[in-house]
Amino acid sequence: MNNRAHITEELSPIAPLVAEIGITELYAVPKSYFASFADTVTERIRIEALLNEASVPVYEAPDGYFEQLPGTVLTTIQRSSEVKSELEEIAPLLSTIGKASVYEIPADYFVQADLARHARREQPAGAKRVSLRIARRWMQYAAAAVFAGVLITGAFLFTDNPANIEEGKYQSVDLSSELDKVSEADLLKYLDNPEHVAAAPATVQLASEADMAEVKNHLQNVSDEELKQYVTENAEVYETVTSEKEE
Amino acid sequence: MHADDKELLFQFHQTATKERAFTAIIKKYQEKLYWHVRRLVVDHDDANDVLQNVFIKVWKGLENFREDSQLYTWLYRIATNEGLTFLEQQKKRGTISLDTEEAGLSNKVRSDSNFDANKLEWRLQVAIQQLPEKQRVVFNLRYYDEMPYQEMSRILDTSEGALKASYHHAARKIEEFIRNY
């Protein structure tokens with residue numbers, strides 16, 4: 001190697017100013033950089049060696065995979081172009097329309113769906129699990145029971161309560177005028193039949209003589225004024241009863 | 001005092017002394033190679049990255065190193081190639097302007113915390129960075145590392161005559177630059 005004097009001598013005729021400058025290192029180097037540099041490099045080499053060992057492939061490709069791969073890829077490409085050319089022939093306009101989806105999905109839909117899946121996955125092992133099948137079956141049974149109940153009640157209401165229907169039917173009928181149309185002979189004939197009399201309500205009974213005596217005693221203790229007041233208050237009832245009696 | 005290259009290479013080929021010999025090689029050449037790389041890439045962190053890569057390549061390649069050339073020359077060759085490759089990558093990444101790589105490196109020199117435009121030494125550094133890549137390497141190897149043209153020729157795969165011419169061109173350009181700065 002040439003010494004500095006030789007370099008300076010060579011440089012002087014070409015660039016005298018540069019030759020005069022001399023050699024001084026201006027760039028700074030971190031303290032003790034060179035002291036630790038060898039260790040830094042050997043450490044890095046060790047790490048790289050470890051990584052290389054670790055990067056030995058553990059997976060295996062099936063036999064002949066790489067030989068078949070080009071053919072497989074080409075077949076897929078061909079199939080795709082076949083579909084395209086077929087569509088171009090059948091429906092040229094359709095083939096020009098892109099396949100981009102026109103539908104919109106809510107923002108973050110897939111993110112939320114993914115979160116839900118994660119949440120299910122992260123459900124604690126001891127958590128109570130409810131079988132949806134059993135719940136669904138009970139729901140079906142309950143619905144069937146309600147439906148059956150509605151059917152039965154409906155059937156009962158429409159078939160087994162004729163009194164109500166009859167009552168409705170006769171509400172609009174004027175009984176007194178209807179009875180006027182009935183002849184006296186028919187009425188007598190009707191009253192002569194003991195079955196009709198027996199069919200009268202059991203609650204309608206004539207008061208006994210003992211009961212009437214008791215009422216008379218009770219009325220003797222009531223003053224005339226009180227009786228008049230009673231009659232005045234119940235005049236409507238009284239009139240109705242008396243008019244019925246007159247008739 | 002550093003051991004002889006031949007002795008170091010012998011020890012490197014013995015399994016028991018391989019790592020120790022490699023560490024000794026690093027310690028022997030680290031500073032020379034560091035400054036060579038640093039003058040090329042300017043920034044310390046970049047120089048450090050490049051130098052580490054240099055020695056990792058040395059570790060991988062030293063097993064097959066043919067001793068028909070000097071270890072010193074071989075190391076410089078790797079360091080020069082790594083430094084230039086690094087600059088190429090920086091150009092591709094856009095870290096240094098594609099059109100004016102030299103201007104980019106000059107700016108790096110100017111951005112050094114110790115930079116002083118009044119000092120001739122700093123002006124020299126700026127002037128070196130203005131040179132085309134090949135001239136820069138030649139000037140550095142000759143001016144700073146005092147490398148004979150013969151060795152330089154092995155490192156750069158260029159004839160000694162072409163290297164001399166390149167060095168002269170570089171020196172004149174630098175002189176002119178400093179005078180006009």
# chains A, B, ... in the order shown; residues from 1 in each chain; ligands from 1

call {"tool": "closest_atom_pairs", "arguments": {"of": "chain A", "to": "chain B", "cutoff": "10 Å", "atoms": "only C-alpha atoms", "output": "CSV"}}
result
residue,atom,partner,partner_atom,distance
A:Met1,CA,B:Met147,CA,5.7
A:Asn2,CA,B:Glu146,CA,5.7
A:Asn3,CA,B:Glu146,CA,6.6
A:Arg4,CA,B:Glu146,CA,6.8
A:Ala5,CA,B:Glu146,CA,9.9
A:His6,CA,B:Glu146,CA,8.8
A:Ile7,CA,B:Tyr143,CA,6.7
A:Thr8,CA,B:Tyr143,CA,8.4
A:Glu10,CA,B:His168,CA,9.5
A:Leu11,CA,B:Ala171,CA,7.5
A:Ser12,CA,B:Ala171,CA,9.8
A:Pro13,CA,B:Arg172,CA,9.8
A:Ile14,CA,B:Arg172,CA,6.1
A:Ala15,CA,B:Glu175,CA,5.4
A:Pro16,CA,B:Glu175,CA,7.7
A:Leu17,CA,B:Glu175,CA,6.3
A:Val18,CA,B:Glu175,CA,6.1
A:Ala19,CA,B:Glu175,CA,9.3
A:Glu20,CA,B:Leu120,CA,9.8
A:Ile21,CA,B:Glu121,CA,6.6
A:Gly22,CA,B:Glu121,CA,8.1
A:Ile23,CA,B:Tyr144,CA,7.2
A:Thr24,CA,B:Glu121,CA,7.3
A:Glu25,CA,B:Glu121,CA,8.6
A:Leu26,CA,B:Trp122,CA,7.3
A:Tyr27,CA,B:Asn114,CA,7.8
A:Ala28,CA,B:His44,CA,8.1
A:Val29,CA,B:His44,CA,7.0
A:Pro30,CA,B:His44,CA,8.6
A:Tyr33,CA,B:Asn48,CA,9.5
A:Phe34,CA,B:Glu31,CA,7.1
A:Ala35,CA,B:Lys27,CA,8.2
A:Ser36,CA,B:Lys27,CA,9.5
A:Phe37,CA,B:Gln30,CA,7.9
A:Ala38,CA,B:Thr23,CA,5.8
A:Asp39,CA,B:Thr23,CA,7.6
A:Thr40,CA,B:Gln52,CA,8.2
A:Val41,CA,B:Gln52,CA,5.9
A:Thr42,CA,B:Thr23,CA,7.3
A:Arg44,CA,B:Ile56,CA,8.1
A:Ile45,CA,B:Ile56,CA,6.4
A:Glu48,CA,B:Ile56,CA,9.3

call {"tool": "residues_around", "arguments": {"residues": "B:Asp68", "least_positions_apart": "6", "cutoff": "12 Å", "atoms": "only C-alpha atoms", "output": "PyMOL selection string"}}
result
chain B and resi 6+74+154

call {"tool": "residues_around", "arguments": {"residues": "B:Val138", "least_positions_apart": "3", "cutoff": "8 Å", "atoms": "only C-alpha atoms", "output": "ChimeraX atom specification"}}
result
/B:134-135,141-142,152,163,166-167

call {"tool": "atom_distance", "arguments": {"atom1": "atom CA of B:Arg77", "atom2": "atom CA of B:Leu156"}}
result
7.1 Å

call {"tool": "decode", "arguments": {"residues": "stretch 143-175 of chain B", "atoms": "N, CA, C and O atoms", "output": "PDB file, in the first residue's frame"}}
result
ATOM      1  N   TYR B 143      -7.465   8.208  -2.412  1.00  0.00           N
ATOM      2  CA  TYR B 143      -7.146   9.357  -1.553  1.00  0.00           C
ATOM      3  C   TYR B 143      -7.162   8.962  -0.070  1.00  0.00           C
ATOM      4  O   TYR B 143      -6.241   9.290   0.674  1.00  0.00           O
ATOM      5  N   TYR B 144      -8.237   8.264   0.353  1.00  0.00           N
ATOM      6  CA  TYR B 144      -8.354   7.956   1.773  1.00  0.00           C
ATOM      7  C   TYR B 144      -7.694   6.619   2.141  1.00  0.00           C
ATOM      8  O   TYR B 144      -7.042   6.509   3.174  1.00  0.00           O
ATOM      9  N   ASP B 145      -7.938   5.599   1.320  1.00  0.00           N
ATOM     10  CA  ASP B 145      -7.415   4.261   1.667  1.00  0.00           C
ATOM     11  C   ASP B 145      -6.025   4.007   1.082  1.00  0.00           C
ATOM     12  O   ASP B 145      -5.443   2.958   1.366  1.00  0.00           O
ATOM     13  N   GLU B 146      -5.539   4.939   0.289  1.00  0.00           N
ATOM     14  CA  GLU B 146      -4.189   4.873  -0.293  1.00  0.00           C
ATOM     15  C   GLU B 146      -3.969   3.529  -1.002  1.00  0.00           C
ATOM     16  O   GLU B 146      -2.927   2.895  -0.860  1.00  0.00           O
ATOM     17  N   MET B 147      -4.960   3.136  -1.714  1.00  0.00           N
ATOM     18  CA  MET B 147      -4.915   1.818  -2.358  1.00  0.00           C
ATOM     19  C   MET B 147      -4.175   1.879  -3.688  1.00  0.00           C
ATOM     20  O   MET B 147      -4.439   2.776  -4.493  1.00  0.00           O
ATOM     21  N   PRO B 148      -3.253   0.921  -3.931  1.00  0.00           N
ATOM     22  CA  PRO B 148      -2.576   0.873  -5.232  1.00  0.00           C
ATOM     23  C   PRO B 148      -3.583   0.600  -6.356  1.00  0.00           C
ATOM     24  O   PRO B 148      -4.584  -0.073  -6.145  1.00  0.00           O
ATOM     25  N   TYR B 149      -3.315   1.110  -7.540  1.00  0.00           N
ATOM     26  CA  TYR B 149      -4.231   0.912  -8.679  1.00  0.00           C
ATOM     27  C   TYR B 149      -4.399  -0.560  -9.007  1.00  0.00           C
ATOM     28  O   TYR B 149      -5.461  -1.002  -9.440  1.00  0.00           O
ATOM     29  N   GLN B 150      -3.360  -1.307  -8.745  1.00  0.00           N
ATOM     30  CA  GLN B 150      -3.395  -2.739  -9.060  1.00  0.00           C
ATOM     31  C   GLN B 150      -4.496  -3.439  -8.229  1.00  0.00           C
ATOM     32  O   GLN B 150      -5.303  -4.193  -8.758  1.00  0.00           O
ATOM     33  N   GLU B 151      -4.503  -3.130  -6.931  1.00  0.00           N
ATOM     34  CA  GLU B 151      -5.521  -3.727  -6.048  1.00  0.00           C
ATOM     35  C   GLU B 151      -6.914  -3.193  -6.396  1.00  0.00           C
ATOM     36  O   GLU B 151      -7.895  -3.932  -6.422  1.00  0.00           O
ATOM     37  N   MET B 152      -6.927  -1.887  -6.656  1.00  0.00           N
ATOM     38  CA  MET B 152      -8.201  -1.253  -7.026  1.00  0.00           C
ATOM     39  C   MET B 152      -8.784  -1.894  -8.282  1.00  0.00           C
ATOM     40  O   MET B 152      -9.992  -2.066  -8.406  1.00  0.00           O
ATOM     41  N   SER B 153      -7.913  -2.237  -9.172  1.00  0.00           N
ATOM     42  CA  SER B 153      -8.324  -2.867 -10.425  1.00  0.00           C
ATOM     43  C   SER B 153      -9.028  -4.192 -10.159  1.00  0.00           C
ATOM     44  O   SER B 153     -10.011  -4.533 -10.824  1.00  0.00           O
ATOM     45  N   ARG B 154      -8.513  -4.941  -9.154  1.00  0.00           N
ATOM     46  CA  ARG B 154      -9.146  -6.224  -8.799  1.00  0.00           C
ATOM     47  C   ARG B 154     -10.521  -5.996  -8.146  1.00  0.00           C
ATOM     48  O   ARG B 154     -11.451  -6.756  -8.362  1.00  0.00           O
ATOM     49  N   ILE B 155     -10.580  -4.963  -7.377  1.00  0.00           N
ATOM     50  CA  ILE B 155     -11.851  -4.692  -6.676  1.00  0.00           C
ATOM     51  C   ILE B 155     -12.928  -4.228  -7.652  1.00  0.00           C
ATOM     52  O   ILE B 155     -14.075  -4.680  -7.601  1.00  0.00           O
ATOM     53  N   LEU B 156     -12.542  -3.321  -8.538  1.00  0.00           N
ATOM     54  CA  LEU B 156     -13.547  -2.687  -9.407  1.00  0.00           C
ATOM     55  C   LEU B 156     -13.608  -3.277 -10.817  1.00  0.00           C
ATOM     56  O   LEU B 156     -14.404  -2.801 -11.641  1.00  0.00           O
ATOM     57  N   ASP B 157     -12.787  -4.294 -11.064  1.00  0.00           N
ATOM     58  CA  ASP B 157     -12.766  -4.928 -12.391  1.00  0.00           C
ATOM     59  C   ASP B 157     -12.546  -3.905 -13.499  1.00  0.00           C
ATOM     60  O   ASP B 157     -13.257  -3.907 -14.527  1.00  0.00           O
ATOM     61  N   THR B 158     -11.635  -3.018 -13.265  1.00  0.00           N
ATOM     62  CA  THR B 158     -11.336  -1.955 -14.237  1.00  0.00           C
ATOM     63  C   THR B 158      -9.811  -1.889 -14.427  1.00  0.00           C
ATOM     64  O   THR B 158      -9.068  -2.155 -13.466  1.00  0.00           O
ATOM     65  N   SER B 159      -9.393  -1.515 -15.610  1.00  0.00           N
ATOM     66  CA  SER B 159      -7.948  -1.459 -15.867  1.00  0.00           C
ATOM     67  C   SER B 159      -7.300  -0.352 -15.037  1.00  0.00           C
ATOM     68  O   SER B 159      -7.954   0.637 -14.673  1.00  0.00           O
ATOM     69  N   GLU B 160      -6.016  -0.549 -14.769  1.00  0.00           N
ATOM     70  CA  GLU B 160      -5.294   0.439 -13.967  1.00  0.00           C
ATOM     71  C   GLU B 160      -5.268   1.809 -14.662  1.00  0.00           C
ATOM     72  O   GLU B 160      -5.417   2.851 -14.011  1.00  0.00           O
ATOM     73  N   GLY B 161      -5.127   1.800 -15.976  1.00  0.00           N
ATOM     74  CA  GLY B 161      -5.095   3.054 -16.747  1.00  0.00           C
ATOM     75  C   GLY B 161      -6.406   3.808 -16.605  1.00  0.00           C
ATOM     76  O   GLY B 161      -6.424   5.033 -16.377  1.00  0.00           O
ATOM     77  N   ALA B 162      -7.485   3.100 -16.735  1.00  0.00           N
ATOM     78  CA  ALA B 162      -8.811   3.730 -16.620  1.00  0.00           C
ATOM     79  C   ALA B 162      -9.007   4.289 -15.215  1.00  0.00           C
ATOM     80  O   ALA B 162      -9.589   5.371 -15.041  1.00  0.00           O
ATOM     81  N   LEU B 163      -8.475   3.573 -14.238  1.00  0.00           N
ATOM     82  CA  LEU B 163      -8.618   4.031 -12.851  1.00  0.00           C
ATOM     83  C   LEU B 163      -7.813   5.305 -12.621  1.00  0.00           C
ATOM     84  O   LEU B 163      -8.280   6.222 -11.947  1.00  0.00           O
ATOM     85  N   LYS B 164      -6.595   5.331 -13.181  1.00  0.00           N
ATOM     86  CA  LYS B 164      -5.751   6.530 -13.045  1.00  0.00           C
ATOM     87  C   LYS B 164      -6.456   7.736 -13.658  1.00  0.00           C
ATOM     88  O   LYS B 164      -6.505   8.820 -13.063  1.00  0.00           O
ATOM     89  N   ALA B 165      -6.984   7.533 -14.848  1.00  0.00           N
ATOM     90  CA  ALA B 165      -7.691   8.617 -15.542  1.00  0.00           C
ATOM     91  C   ALA B 165      -8.889   9.079 -14.728  1.00  0.00           C
ATOM     92  O   ALA B 165      -9.141  10.291 -14.567  1.00  0.00           O
ATOM     93  N   SER B 166      -9.581   8.116 -14.215  1.00  0.00           N
ATOM     94  CA  SER B 166     -10.766   8.422 -13.420  1.00  0.00           C
ATOM     95  C   SER B 166     -10.390   9.233 -12.175  1.00  0.00           C
ATOM     96  O   SER B 166     -11.054  10.220 -11.836  1.00  0.00           O
ATOM     97  N   TYR B 167      -9.270   8.817 -11.556  1.00  0.00           N
ATOM     98  CA  TYR B 167      -8.821   9.513 -10.342  1.00  0.00           C
ATOM     99  C   TYR B 167      -8.415  10.943 -10.671  1.00  0.00           C
ATOM    100  O   TYR B 167      -8.764  11.884  -9.944  1.00  0.00           O
ATOM    101  N   HIS B 168      -7.727  11.134 -11.767  1.00  0.00           N
ATOM    102  CA  HIS B 168      -7.301  12.478 -12.169  1.00  0.00           C
ATOM    103  C   HIS B 168      -8.508  13.372 -12.451  1.00  0.00           C
ATOM    104  O   HIS B 168      -8.552  14.523 -12.031  1.00  0.00           O
ATOM    105  N   HIS B 169      -9.454  12.835 -13.167  1.00  0.00           N
ATOM    106  CA  HIS B 169     -10.691  13.595 -13.459  1.00  0.00           C
ATOM    107  C   HIS B 169     -11.366  14.023 -12.166  1.00  0.00           C
ATOM    108  O   HIS B 169     -11.769  15.176 -12.013  1.00  0.00           O
ATOM    109  N   ALA B 170     -11.445  13.062 -11.271  1.00  0.00           N
ATOM    110  CA  ALA B 170     -12.132  13.315 -10.003  1.00  0.00           C
ATOM    111  C   ALA B 170     -11.412  14.413  -9.218  1.00  0.00           C
ATOM    112  O   ALA B 170     -12.056  15.354  -8.717  1.00  0.00           O
ATOM    113  N   ALA B 171     -10.077  14.306  -9.119  1.00  0.00           N
ATOM    114  CA  ALA B 171      -9.300  15.281  -8.347  1.00  0.00           C
ATOM    115  C   ALA B 171      -9.477  16.683  -8.910  1.00  0.00           C
ATOM    116  O   ALA B 171      -9.632  17.657  -8.157  1.00  0.00           O
ATOM    117  N   ARG B 172      -9.457  16.796 -10.238  1.00  0.00           N
ATOM    118  CA  ARG B 172      -9.605  18.123 -10.872  1.00  0.00           C
ATOM    119  C   ARG B 172     -10.988  18.707 -10.598  1.00  0.00           C
ATOM    120  O   ARG B 172     -11.123  19.901 -10.332  1.00  0.00           O
ATOM    121  N   LYS B 173     -11.989  17.878 -10.720  1.00  0.00           N
ATOM    122  CA  LYS B 173     -13.366  18.350 -10.469  1.00  0.00           C
ATOM    123  C   LYS B 173     -13.504  18.853  -9.035  1.00  0.00           C
ATOM    124  O   LYS B 173     -14.123  19.884  -8.776  1.00  0.00           O
ATOM    125  N   ILE B 174     -12.908  18.099  -8.130  1.00  0.00           N
ATOM    126  CA  ILE B 174     -13.012  18.479  -6.707  1.00  0.00           C
ATOM    127  C   ILE B 174     -12.302  19.823  -6.476  1.00  0.00           C
ATOM    128  O   ILE B 174     -12.838  20.714  -5.800  1.00  0.00           O
ATOM    129  N   GLU B 175     -11.109  19.949  -7.052  1.00  0.00           N
ATOM    130  CA  GLU B 175     -10.341  21.188  -6.917  1.00  0.00           C
ATOM    131  C   GLU B 175     -11.179  22.377  -7.403  1.00  0.00           C
ATOM    132  O   GLU B 175     -11.286  23.404  -6.730  1.00  0.00           O
TER     133      GLU B 175
END
